[in-house]
$ cat work33.pdb   # PDB, C-alpha atoms
MODEL        1
ATOM      1  CA  GLY A   1     -50.963  -3.858-211.717  1.00  0.00           C
ATOM      2  CA  GLY A   2     -54.466  -3.023-210.548  1.00  0.00           C
ATOM      3  CA  HIS A   3     -55.424  -0.502-213.254  1.00  0.00           C
ATOM      4  CA  ARG A   4     -55.958  -0.636-217.023  1.00  0.00           C
ATOM      5  CA  GLY A   5     -53.504  -3.085-218.558  1.00  0.00           C
ATOM      6  CA  GLY A   6     -52.391  -4.140-215.098  1.00  0.00           C
ATOM      7  CA  ALA A   7     -52.429  -7.869-215.813  1.00  0.00           C
ATOM      8  CA  GLU A   8     -50.340  -7.388-218.958  1.00  0.00           C
ATOM      9  CA  ALA A   9     -47.956  -5.065-217.114  1.00  0.00           C
ATOM     10  CA  SER A  10     -47.476  -7.501-214.237  1.00  0.00           C
ATOM     11  CA  ARG A  11     -46.880 -10.397-216.611  1.00  0.00           C
ATOM     12  CA  ALA A  12     -44.330  -8.420-218.639  1.00  0.00           C
ATOM     13  CA  ALA A  13     -42.529  -7.304-215.475  1.00  0.00           C
ATOM     14  CA  VAL A  14     -42.176 -10.847-214.127  1.00  0.00           C
ATOM     15  CA  GLU A  15     -41.051 -12.267-217.464  1.00  0.00           C
ATOM     16  CA  ALA A  16     -38.439  -9.534-217.896  1.00  0.00           C
ATOM     17  CA  ALA A  17     -37.099  -9.920-214.375  1.00  0.00           C
ATOM     18  CA  ARG A  18     -36.865 -13.699-214.781  1.00  0.00           C
ATOM     19  CA  SER A  19     -34.959 -13.287-218.050  1.00  0.00           C
ATOM     20  CA  LEU A  20     -31.931 -12.244-215.980  1.00  0.00           C
ATOM     21  CA  PRO A  21     -31.430 -15.300-213.725  1.00  0.00           C
ATOM     22  CA  ARG A  22     -28.025 -14.041-212.600  1.00  0.00           C
ATOM     23  CA  GLY A  23     -28.934 -10.380-212.607  1.00  0.00           C
ATOM     24  CA  GLY A  24     -28.926  -8.212-209.522  1.00  0.00           C
ATOM     25  CA  ALA A  25     -32.155  -6.934-207.998  1.00  0.00           C
ATOM     26  CA  VAL A  26     -31.759  -3.466-209.513  1.00  0.00           C
ATOM     27  CA  ASP A  27     -30.921  -4.872-212.963  1.00  0.00           C
ATOM     28  CA  CYS A  28     -33.991  -7.110-212.853  1.00  0.00           C
ATOM     29  CA  LEU A  29     -36.213  -4.234-211.803  1.00  0.00           C
ATOM     30  CA  GLN A  30     -34.828  -1.998-214.558  1.00  0.00           C
ATOM     31  CA  ALA A  31     -35.435  -4.716-217.146  1.00  0.00           C
ATOM     32  CA  ALA A  32     -39.009  -5.027-215.891  1.00  0.00           C
ATOM     33  CA  HIS A  33     -39.438  -1.250-216.059  1.00  0.00           C
ATOM     34  CA  CYS A  34     -38.376  -1.141-219.717  1.00  0.00           C
ATOM     35  CA  ALA A  35     -40.645  -4.071-220.581  1.00  0.00           C
ATOM     36  CA  VAL A  36     -43.677  -2.464-218.953  1.00  0.00           C
ATOM     37  CA  GLN A  37     -42.958   0.881-220.633  1.00  0.00           C
ATOM     38  CA  ALA A  38     -43.268  -0.972-223.951  1.00  0.00           C
ATOM     39  CA  VAL A  39     -46.632  -2.403-222.844  1.00  0.00           C
ATOM     40  CA  ALA A  40     -47.754   1.087-221.791  1.00  0.00           C
ATOM     41  CA  ARG A  41     -47.108   2.406-225.292  1.00  0.00           C
ATOM     42  CA  GLU A  42     -49.578  -0.039-226.857  1.00  0.00           C
ATOM     43  CA  SER A  43     -52.991   1.486-227.565  1.00  0.00           C
ATOM     44  CA  ALA A  44     -54.925  -1.254-225.753  1.00  0.00           C
ATOM     45  CA  THR A  45     -52.829  -0.950-222.606  1.00  0.00           C
ATOM     46  CA  ARG A  46     -51.721   2.679-222.781  1.00  0.00           C
ATOM     47  CA  GLY A  47     -50.539   3.999-219.435  1.00  0.00           C
ATOM     48  CA  ALA A  48     -50.253   0.518-217.886  1.00  0.00           C
ATOM     49  CA  GLY A  49     -48.025   0.048-214.882  1.00  0.00           C
ATOM     50  CA  THR A  50     -47.389  -2.220-211.945  1.00  0.00           C
ATOM     51  CA  THR A  51     -45.706  -2.400-208.588  1.00  0.00           C
ATOM     52  CA  LEU A  52     -42.733  -4.711-208.177  1.00  0.00           C
ATOM     53  CA  THR A  53     -40.499  -5.974-205.399  1.00  0.00           C
ATOM     54  CA  VAL A  54     -37.450  -7.953-206.505  1.00  0.00           C
ATOM     55  CA  VAL A  55     -35.498 -10.123-204.057  1.00  0.00           C
ATOM     56  CA  ALA A  56     -32.228 -11.587-205.369  1.00  0.00           C
ATOM     57  CA  VAL A  57     -30.549 -14.070-203.020  1.00  0.00           C
ATOM     58  CA  GLU A  58     -26.780 -14.466-203.309  1.00  0.00           C
ATOM     59  CA  GLY A  59     -24.732 -17.215-201.712  1.00  0.00           C
ATOM     60  CA  ILE A  60     -21.616 -16.166-199.814  1.00  0.00           C
ATOM     61  CA  GLY A  61     -19.499 -19.049-198.628  1.00  0.00           C
ATOM     62  CA  GLU A  62     -20.901 -22.533-198.150  1.00  0.00           C
ATOM     63  CA  SER A  63     -24.027 -21.787-196.145  1.00  0.00           C
ATOM     64  CA  SER A  64     -24.510 -18.019-195.902  1.00  0.00           C
ATOM     65  CA  PHE A  65     -26.802 -15.907-198.030  1.00  0.00           C
ATOM     66  CA  VAL A  66     -27.420 -12.219-198.651  1.00  0.00           C
ATOM     67  CA  ALA A  67     -30.705 -10.866-200.000  1.00  0.00           C
ATOM     68  CA  HIS A  68     -30.633  -7.835-202.281  1.00  0.00           C
ATOM     69  CA  VAL A  69     -33.926  -5.953-202.639  1.00  0.00           C
ATOM     70  CA  ALA A  70     -35.201  -3.439-205.190  1.00  0.00           C
ATOM     71  CA  HIS A  71     -38.716  -2.149-204.602  1.00  0.00           C
ATOM     72  CA  VAL A  72     -41.158   0.183-206.361  1.00  0.00           C
ATOM     73  CA  GLY A  73     -44.803   0.753-205.451  1.00  0.00           C
ATOM     74  CA  ASP A  74     -46.998  -0.552-202.641  1.00  0.00           C
ATOM     75  CA  THR A  75     -46.361  -4.272-202.606  1.00  0.00           C
ATOM     76  CA  ARG A  76     -44.568  -5.217-199.394  1.00  0.00           C
ATOM     77  CA  LEU A  77     -41.703  -7.394-198.272  1.00  0.00           C
ATOM     78  CA  ALA A  78     -41.945  -8.439-194.628  1.00  0.00           C
ATOM     79  CA  ARG A  79     -39.713 -10.715-192.584  1.00  0.00           C
ATOM     80  CA  VAL A  80     -40.598 -12.986-189.691  1.00  0.00           C
ATOM     81  CA  ARG A  81     -37.515 -13.558-187.526  1.00  0.00           C
ATOM     82  CA  ASP A  82     -37.254 -14.718-183.917  1.00  0.00           C
ATOM     83  CA  GLY A  83     -41.019 -14.557-183.530  1.00  0.00           C
ATOM     84  CA  ARG A  84     -41.323 -10.946-184.716  1.00  0.00           C
ATOM     85  CA  ILE A  85     -42.653  -9.562-187.983  1.00  0.00           C
ATOM     86  CA  GLU A  86     -41.085  -6.517-189.610  1.00  0.00           C
ATOM     87  CA  ALA A  87     -42.003  -4.673-192.807  1.00  0.00           C
ATOM     88  CA  LEU A  88     -38.773  -4.204-194.777  1.00  0.00           C
ATOM     89  CA  THR A  89     -40.115  -2.084-197.632  1.00  0.00           C
ATOM     90  CA  HIS A  90     -42.251   1.036-197.548  1.00  0.00           C
ATOM     91  CA  SER A  91     -45.338   1.963-199.530  1.00  0.00           C
ATOM     92  CA  GLN A  92     -44.377   4.571-202.126  1.00  0.00           C
ATOM     93  CA  THR A  93     -47.442   6.708-201.634  1.00  0.00           C
ATOM     94  CA  ILE A  94     -47.682  10.054-199.822  1.00  0.00           C
ATOM     95  CA  PRO A  95     -49.229   8.455-196.696  1.00  0.00           C
ATOM     96  CA  GLY A  96     -46.666   5.650-196.905  1.00  0.00           C
ATOM     97  CA  VAL A  97     -43.787   8.122-196.954  1.00  0.00           C
ATOM     98  CA  LEU A  98     -45.288  10.051-194.030  1.00  0.00           C
ATOM     99  CA  LEU A  99     -45.789   6.840-192.061  1.00  0.00           C
ATOM    100  CA  ALA A 100     -42.212   5.696-192.663  1.00  0.00           C
ATOM    101  CA  ALA A 101     -40.969   9.105-191.506  1.00  0.00           C
ATOM    102  CA  GLY A 102     -43.040   8.885-188.331  1.00  0.00           C
ATOM    103  CA  GLN A 103     -45.107  11.925-189.275  1.00  0.00           C
ATOM    104  CA  ILE A 104     -48.431  10.079-189.106  1.00  0.00           C
ATOM    105  CA  THR A 105     -49.594   7.051-187.135  1.00  0.00           C
ATOM    106  CA  GLN A 106     -50.757   3.703-188.509  1.00  0.00           C
ATOM    107  CA  ASP A 107     -54.342   4.620-187.610  1.00  0.00           C
ATOM    108  CA  GLU A 108     -54.022   7.918-189.504  1.00  0.00           C
ATOM    109  CA  TYR A 109     -52.527   6.089-192.475  1.00  0.00           C
ATOM    110  CA  GLU A 110     -55.479   3.711-192.655  1.00  0.00           C
ATOM    111  CA  THR A 111     -57.951   6.595-192.903  1.00  0.00           C
ATOM    112  CA  ARG A 112     -56.164   8.306-195.794  1.00  0.00           C
ATOM    113  CA  ASN A 113     -58.064   8.167-199.080  1.00  0.00           C
ATOM    114  CA  ASP A 114     -54.856   8.631-201.071  1.00  0.00           C
ATOM    115  CA  ARG A 115     -52.985   5.619-199.692  1.00  0.00           C
ATOM    116  CA  HIS A 116     -53.366   3.778-203.017  1.00  0.00           C
ATOM    117  CA  GLU A 117     -52.103   6.661-205.174  1.00  0.00           C
ATOM    118  CA  LEU A 118     -48.571   5.680-206.120  1.00  0.00           C
ATOM    119  CA  LEU A 119     -45.714   8.139-206.305  1.00  0.00           C
ATOM    120  CA  GLN A 120     -43.769   5.626-208.400  1.00  0.00           C
ATOM    121  CA  TYR A 121     -44.559   2.528-210.415  1.00  0.00           C
ATOM    122  CA  VAL A 122     -42.849   0.225-212.873  1.00  0.00           C
ATOM    123  CA  GLY A 123     -43.620   1.406-216.396  1.00  0.00           C
ATOM    124  CA  GLN A 124     -44.077   5.068-215.515  1.00  0.00           C
ATOM    125  CA  PRO A 125     -43.147   7.594-218.257  1.00  0.00           C
ATOM    126  CA  ALA A 126     -39.464   8.054-219.018  1.00  0.00           C
ATOM    127  CA  SER A 127     -39.830  11.727-218.054  1.00  0.00           C
ATOM    128  CA  ILE A 128     -40.144  10.589-214.420  1.00  0.00           C
ATOM    129  CA  VAL A 129     -36.934   9.135-213.006  1.00  0.00           C
ATOM    130  CA  LEU A 130     -37.495   5.759-211.376  1.00  0.00           C
ATOM    131  CA  LYS A 131     -36.031   5.730-207.864  1.00  0.00           C
ATOM    132  CA  PRO A 132     -36.417   2.249-206.357  1.00  0.00           C
ATOM    133  CA  GLU A 133     -35.929   1.561-202.685  1.00  0.00           C
ATOM    134  CA  THR A 134     -32.813  -0.640-202.478  1.00  0.00           C
ATOM    135  CA  PHE A 135     -31.070  -2.417-199.614  1.00  0.00           C
ATOM    136  CA  SER A 136     -29.358  -5.688-198.696  1.00  0.00           C
ATOM    137  CA  PHE A 137     -29.282  -7.860-195.588  1.00  0.00           C
ATOM    138  CA  LEU A 138     -27.970 -11.192-194.325  1.00  0.00           C
ATOM    139  CA  VAL A 139     -30.462 -14.052-194.450  1.00  0.00           C
ATOM    140  CA  LEU A 140     -30.531 -16.064-191.232  1.00  0.00           C
ATOM    141  CA  PRO A 141     -31.639 -19.699-190.859  1.00  0.00           C
ATOM    142  CA  GLU A 142     -35.393 -19.990-190.238  1.00  0.00           C
ATOM    143  CA  ASP A 143     -36.136 -16.521-191.654  1.00  0.00           C
ATOM    144  CA  ILE A 144     -39.515 -16.388-193.395  1.00  0.00           C
ATOM    145  CA  PHE A 145     -40.267 -13.694-195.962  1.00  0.00           C
ATOM    146  CA  LEU A 146     -43.709 -12.584-197.088  1.00  0.00           C
ATOM    147  CA  LEU A 147     -44.180 -10.674-200.330  1.00  0.00           C
ATOM    148  CA  THR A 148     -47.752  -9.401-200.364  1.00  0.00           C
ATOM    149  CA  SER A 149     -49.962  -7.161-202.444  1.00  0.00           C
ATOM    150  CA  ASP A 150     -51.906  -4.400-200.703  1.00  0.00           C
ATOM    151  CA  GLY A 151     -55.012  -6.583-200.922  1.00  0.00           C
ATOM    152  CA  VAL A 152     -53.343  -8.642-198.195  1.00  0.00           C
ATOM    153  CA  HIS A 153     -51.483  -6.319-195.850  1.00  0.00           C
ATOM    154  CA  GLU A 154     -54.173  -3.645-195.990  1.00  0.00           C
ATOM    155  CA  VAL A 155     -56.766  -6.012-194.499  1.00  0.00           C
ATOM    156  CA  VAL A 156     -54.763  -8.532-192.455  1.00  0.00           C
ATOM    157  CA  SER A 157     -52.866  -7.071-189.511  1.00  0.00           C
ATOM    158  CA  ASP A 158     -49.198  -7.787-188.870  1.00  0.00           C
ATOM    159  CA  THR A 159     -50.230  -9.441-185.624  1.00  0.00           C
ATOM    160  CA  ASP A 160     -52.446 -11.888-187.522  1.00  0.00           C
ATOM    161  CA  LEU A 161     -49.857 -12.450-190.258  1.00  0.00           C
ATOM    162  CA  ARG A 162     -47.248 -13.242-187.637  1.00  0.00           C
ATOM    163  CA  ALA A 163     -49.577 -15.651-185.848  1.00  0.00           C
ATOM    164  CA  MET A 164     -50.433 -17.476-189.102  1.00  0.00           C
ATOM    165  CA  VAL A 165     -46.811 -17.861-190.110  1.00  0.00           C
ATOM    166  CA  LEU A 166     -45.611 -19.016-186.701  1.00  0.00           C
ATOM    167  CA  ALA A 167     -48.472 -21.505-186.383  1.00  0.00           C
ATOM    168  CA  ARG A 168     -47.440 -23.013-189.731  1.00  0.00           C
ATOM    169  CA  SER A 169     -43.679 -22.495-189.551  1.00  0.00           C
ATOM    170  CA  ARG A 170     -43.109 -26.208-190.220  1.00  0.00           C
ATOM    171  CA  SER A 171     -45.549 -26.246-193.112  1.00  0.00           C
ATOM    172  CA  SER A 172     -44.643 -25.699-196.741  1.00  0.00           C
ATOM    173  CA  ALA A 173     -44.316 -22.221-198.178  1.00  0.00           C
ATOM    174  CA  LYS A 174     -47.255 -23.066-200.439  1.00  0.00           C
ATOM    175  CA  ARG A 175     -49.508 -23.822-197.478  1.00  0.00           C
ATOM    176  CA  MET A 176     -48.462 -20.615-195.723  1.00  0.00           C
ATOM    177  CA  ALA A 177     -49.246 -18.540-198.813  1.00  0.00           C
ATOM    178  CA  HIS A 178     -52.648 -20.215-199.157  1.00  0.00           C
ATOM    179  CA  THR A 179     -53.486 -19.489-195.510  1.00  0.00           C
ATOM    180  CA  VAL A 180     -52.552 -15.811-195.838  1.00  0.00           C
ATOM    181  CA  VAL A 181     -54.561 -15.286-199.031  1.00  0.00           C
ATOM    182  CA  GLN A 182     -57.573 -17.080-197.572  1.00  0.00           C
ATOM    183  CA  ALA A 183     -57.441 -14.786-194.537  1.00  0.00           C
ATOM    184  CA  SER A 184     -57.488 -11.797-196.897  1.00  0.00           C
ATOM    185  CA  LEU A 185     -60.509 -13.153-198.754  1.00  0.00           C
ATOM    186  CA  ASP A 186     -62.263 -13.866-195.450  1.00  0.00           C
ATOM    187  CA  ALA A 187     -61.622 -10.224-194.517  1.00  0.00           C
ATOM    188  CA  ASP A 188     -63.479  -9.157-197.706  1.00  0.00           C
ATOM    189  CA  THR A 189     -60.474  -7.581-199.375  1.00  0.00           C
ATOM    190  CA  ARG A 190     -61.455  -5.391-202.312  1.00  0.00           C
ATOM    191  CA  ASP A 191     -58.104  -5.613-204.049  1.00  0.00           C
ATOM    192  CA  ASN A 192     -55.921  -8.316-205.558  1.00  0.00           C
ATOM    193  CA  ALA A 193     -54.749 -10.662-202.812  1.00  0.00           C
ATOM    194  CA  THR A 194     -51.392 -12.208-203.615  1.00  0.00           C
ATOM    195  CA  CYS A 195     -48.830 -13.706-201.263  1.00  0.00           C
ATOM    196  CA  LEU A 196     -45.380 -15.105-202.017  1.00  0.00           C
ATOM    197  CA  VAL A 197     -43.542 -16.970-199.252  1.00  0.00           C
ATOM    198  CA  LEU A 198     -39.804 -17.628-199.090  1.00  0.00           C
ATOM    199  CA  GLN A 199     -38.331 -19.758-196.306  1.00  0.00           C
ATOM    200  CA  ALA A 200     -34.700 -20.110-195.234  1.00  0.00           C
ATOM    201  CA  ARG A 201     -34.010 -23.538-193.783  1.00  0.00           C
ATOM    202  CA  ARG A 202     -31.084 -24.269-191.503  1.00  0.00           C
ATOM    203  CA  GLY A 203     -28.173 -25.783-193.407  1.00  0.00           C
ATOM    204  CA  VAL A 204     -29.608 -25.056-196.854  1.00  0.00           C
ATOM    205  CA  GLY A 205     -30.393 -22.035-198.967  1.00  0.00           C
ATOM    206  CA  PRO A 206     -33.799 -20.368-199.156  1.00  0.00           C
ATOM    207  CA  SER A 207     -36.442 -22.676-200.573  1.00  0.00           C
ATOM    208  CA  PRO A 208     -38.099 -21.769-203.877  1.00  0.00           C
ATOM    209  CA  PRO A 209     -40.902 -19.240-203.329  1.00  0.00           C
ATOM    210  CA  HIS A 210     -44.533 -20.242-203.607  1.00  0.00           C
ATOM    211  CA  ARG A 211     -47.185 -17.853-204.822  1.00  0.00           C
ATOM    212  CA  ARG A 212     -50.850 -17.844-204.051  1.00  0.00           C
ATOM    213  CA  GLY A 213     -53.212 -15.190-205.377  1.00  0.00           C
ATOM    214  CA  SER A 214     -56.831 -14.370-205.985  1.00  0.00           C
ATOM    215  CA  PRO A 215     -58.122 -13.300-209.404  1.00  0.00           C
TER
ENDMDL
END

$ encode --input "work33.pdb" --output "structure tokens"
Amino acid sequence: GGHRGGAEASRAAVEAARSLPRGGAVDCLQAAHCAVQAVARESATRGAGTTLTVVAVEGIGESSFVAHVAHVGDTRLARVRDGRIEALTHSQTIPGVLLAAGQITQDEYETRNDRHELLQYVGQPASIVLKPETFSFLVLPEDIFLLTSDGVHEVVSDTDLRAMVLARSRSSAKRMAHTVVQASLDADTRDNATCLVLQARRGVGPSPPHRRGSP
């Protein structure tokens, strides 16, 4: 939530999503959407909104897990697996849609002035139907997931993110998140820099996520 009322919108979204500990990703996102719409109706925070990526991890069997994702906005979920980094969600902006469709290059995307203008956001008016990006996938041992705000992935390349994560793959999720955010600050990011790291360890479920963010 980088605009007017953004802090209140983000807080309301997280609290609403967490209020459904056994809810699916889509249910959590919808609860967050309704909560932020209420914030957006208040005079002091009128029109507030936020981006949100929900990851709900479900156990199947004794040691297998499936991640269910619901995503709206321009935060990003990326996965580091087998030494490679892959963005799993797409930025819901016009340039982001064009990039995902292969109609523009990454270099062209980075020069677009409208790459921060969201097509969708949590808390948008009820007259606009919310259409989250949703998908599921099997979590493999040693997978590492990075949830980042655009103040991170807009200034730190995937190559550098991959290198940081692999160099600290035996470190805690907290330390990884700190390293990523510090790299964003060192790159003079002009936006909120937040990173959430989730690790899947062999023989156990994904460890609790750790968040690190700048003001």

$ resolve_selection --input "work33.pdb" --expression "the PyMOL selection byres ((chain A and resi 195) around 12)" --output "PyMOL selection string"
chain A and resi 75-78+145-153+156+161+173-185+192-194+196-198+209-214

$ residues_around --input "work33.pdb" --residues "segment 58-68 of chain A" --least-positions-apart "2" --cutoff "12 Å" --atoms "all atoms listed in the file" --output "ChimeraX atom specification"
/A:21-29,53-56,70-71,77,79,88,133-141,143,145,198,200-206

$ closest_residue --input "work33.pdb" --among "A:Val97, A:Ala9, A:Val155, A:Val129" --to "Thr51 of chain A" --atoms "all atoms listed in the file"
A:Ala9

$ residues_around --input "work33.pdb" --residues "Gly123 of chain A" --least-positions-apart "3" --cutoff "12 Å" --atoms "all atoms listed in the file" --output "PyMOL selection string"
chain A and resi 1+5-6+8-10+12-13+29-41+45-52+72-73+120+126-130

$ atom_distance --input "work33.pdb" --atom1 "atom CA of Glu108 of chain A" --atom2 "atom CA of Ala187 of chain A"
20.3 Å

$ closest_residue --input "work33.pdb" --among "A:Asp158, A:Asp74, A:Glu110, A:Asp186" --to "Gln92 of chain A" --atoms "all atoms listed in the file"
A:Asp74

$ resolve_selection --input "work33.pdb" --expression "the PyMOL selection byres ((chain A and resi 82) around 12)" --output "NGL selection string"
:A and (79-81 or 83-86 or 140-144 or 162 or 165-166 or 169)

$ atom_distance --input "work33.pdb" --atom1 "atom CA of His116 of chain A" --atom2 "atom CA of Glu154 of chain A"
10.3 Å

$ axis_aligned_box --input "work33.pdb" --around "segment 184-190 of chain A" --padding-each-side "6 Å" --output "JSON"
{"center_x": -60.5, "center_y": -9.6, "center_z": -198.4, "size_x": 18.0, "size_y": 20.5, "size_z": 19.8}

$ atom_distance --input "work33.pdb" --atom1 "atom CA of Arg115 of chain A" --atom2 "atom CA of Arg190 of chain A"
14.1 Å

$ closest_residue --input "work33.pdb" --among "A:Arg112, A:Asp191, A:Ala87, A:Ala44" --to "Ala100 of chain A" --atoms "only C-alpha atoms"
A:Ala87

$ decode --input "work33.pdb" --residues "segment 8-21 of chain A" --atoms "N, CA and C atoms" --output "mmCIF file, in the first residue's frame"
data_model
loop_
_atom_site.group_PDB
_atom_site.id
_atom_site.type_symbol
_atom_site.label_atom_id
_atom_site.label_comp_id
_atom_site.auth_asym_id
_atom_site.auth_seq_id
_atom_site.Cartn_x
_atom_site.Cartn_y
_atom_site.Cartn_z
ATOM 1 N N GLU A 8 -2.459 1.696 6.484
ATOM 2 C CA GLU A 8 -3.680 1.165 7.098
ATOM 3 C C GLU A 8 -4.261 0.032 6.261
ATOM 4 N N ALA A 9 -4.215 0.195 4.933
ATOM 5 C CA ALA A 9 -4.746 -0.846 4.049
ATOM 6 C C ALA A 9 -3.941 -2.136 4.166
ATOM 7 N N SER A 10 -2.621 -2.010 4.187
ATOM 8 C CA SER A 10 -1.767 -3.194 4.297
ATOM 9 C C SER A 10 -1.999 -3.907 5.625
ATOM 10 N N ARG A 11 -2.108 -3.125 6.692
ATOM 11 C CA ARG A 11 -2.319 -3.718 8.011
ATOM 12 C C ARG A 11 -3.660 -4.456 8.058
ATOM 13 N N ALA A 12 -4.702 -3.831 7.524
ATOM 14 C CA ALA A 12 -6.025 -4.458 7.520
ATOM 15 C C ALA A 12 -6.031 -5.732 6.686
ATOM 16 N N ALA A 13 -5.318 -5.711 5.563
ATOM 17 C CA ALA A 13 -5.269 -6.886 4.686
ATOM 18 C C ALA A 13 -4.610 -8.064 5.387
ATOM 19 N N VAL A 14 -3.482 -7.808 6.045
ATOM 20 C CA VAL A 14 -2.758 -8.884 6.734
ATOM 21 C C VAL A 14 -3.587 -9.433 7.886
ATOM 22 N N GLU A 15 -4.191 -8.545 8.672
ATOM 23 C CA GLU A 15 -4.984 -8.998 9.808
ATOM 24 C C GLU A 15 -6.170 -9.838 9.349
ATOM 25 N N ALA A 16 -6.819 -9.425 8.262
ATOM 26 C CA ALA A 16 -7.970 -10.172 7.763
ATOM 27 C C ALA A 16 -7.556 -11.529 7.221
ATOM 28 N N ALA A 17 -6.458 -11.568 6.498
ATOM 29 C CA ALA A 17 -5.987 -12.838 5.946
ATOM 30 C C ALA A 17 -5.591 -13.798 7.069
ATOM 31 N N ARG A 18 -4.962 -13.279 8.104
ATOM 32 C CA ARG A 18 -4.533 -14.120 9.224
ATOM 33 C C ARG A 18 -5.713 -14.596 10.067
ATOM 34 N N SER A 19 -6.843 -13.939 9.959
ATOM 35 C CA SER A 19 -8.014 -14.330 10.751
ATOM 36 C C SER A 19 -8.619 -15.641 10.255
ATOM 37 N N LEU A 20 -8.141 -16.129 9.128
ATOM 38 C CA LEU A 20 -8.619 -17.403 8.577
ATOM 39 C C LEU A 20 -7.449 -18.384 8.521
ATOM 40 N N PRO A 21 -6.990 -18.888 9.678
ATOM 41 C CA PRO A 21 -5.785 -19.726 9.692
ATOM 42 C C PRO A 21 -5.914 -20.998 8.873
#
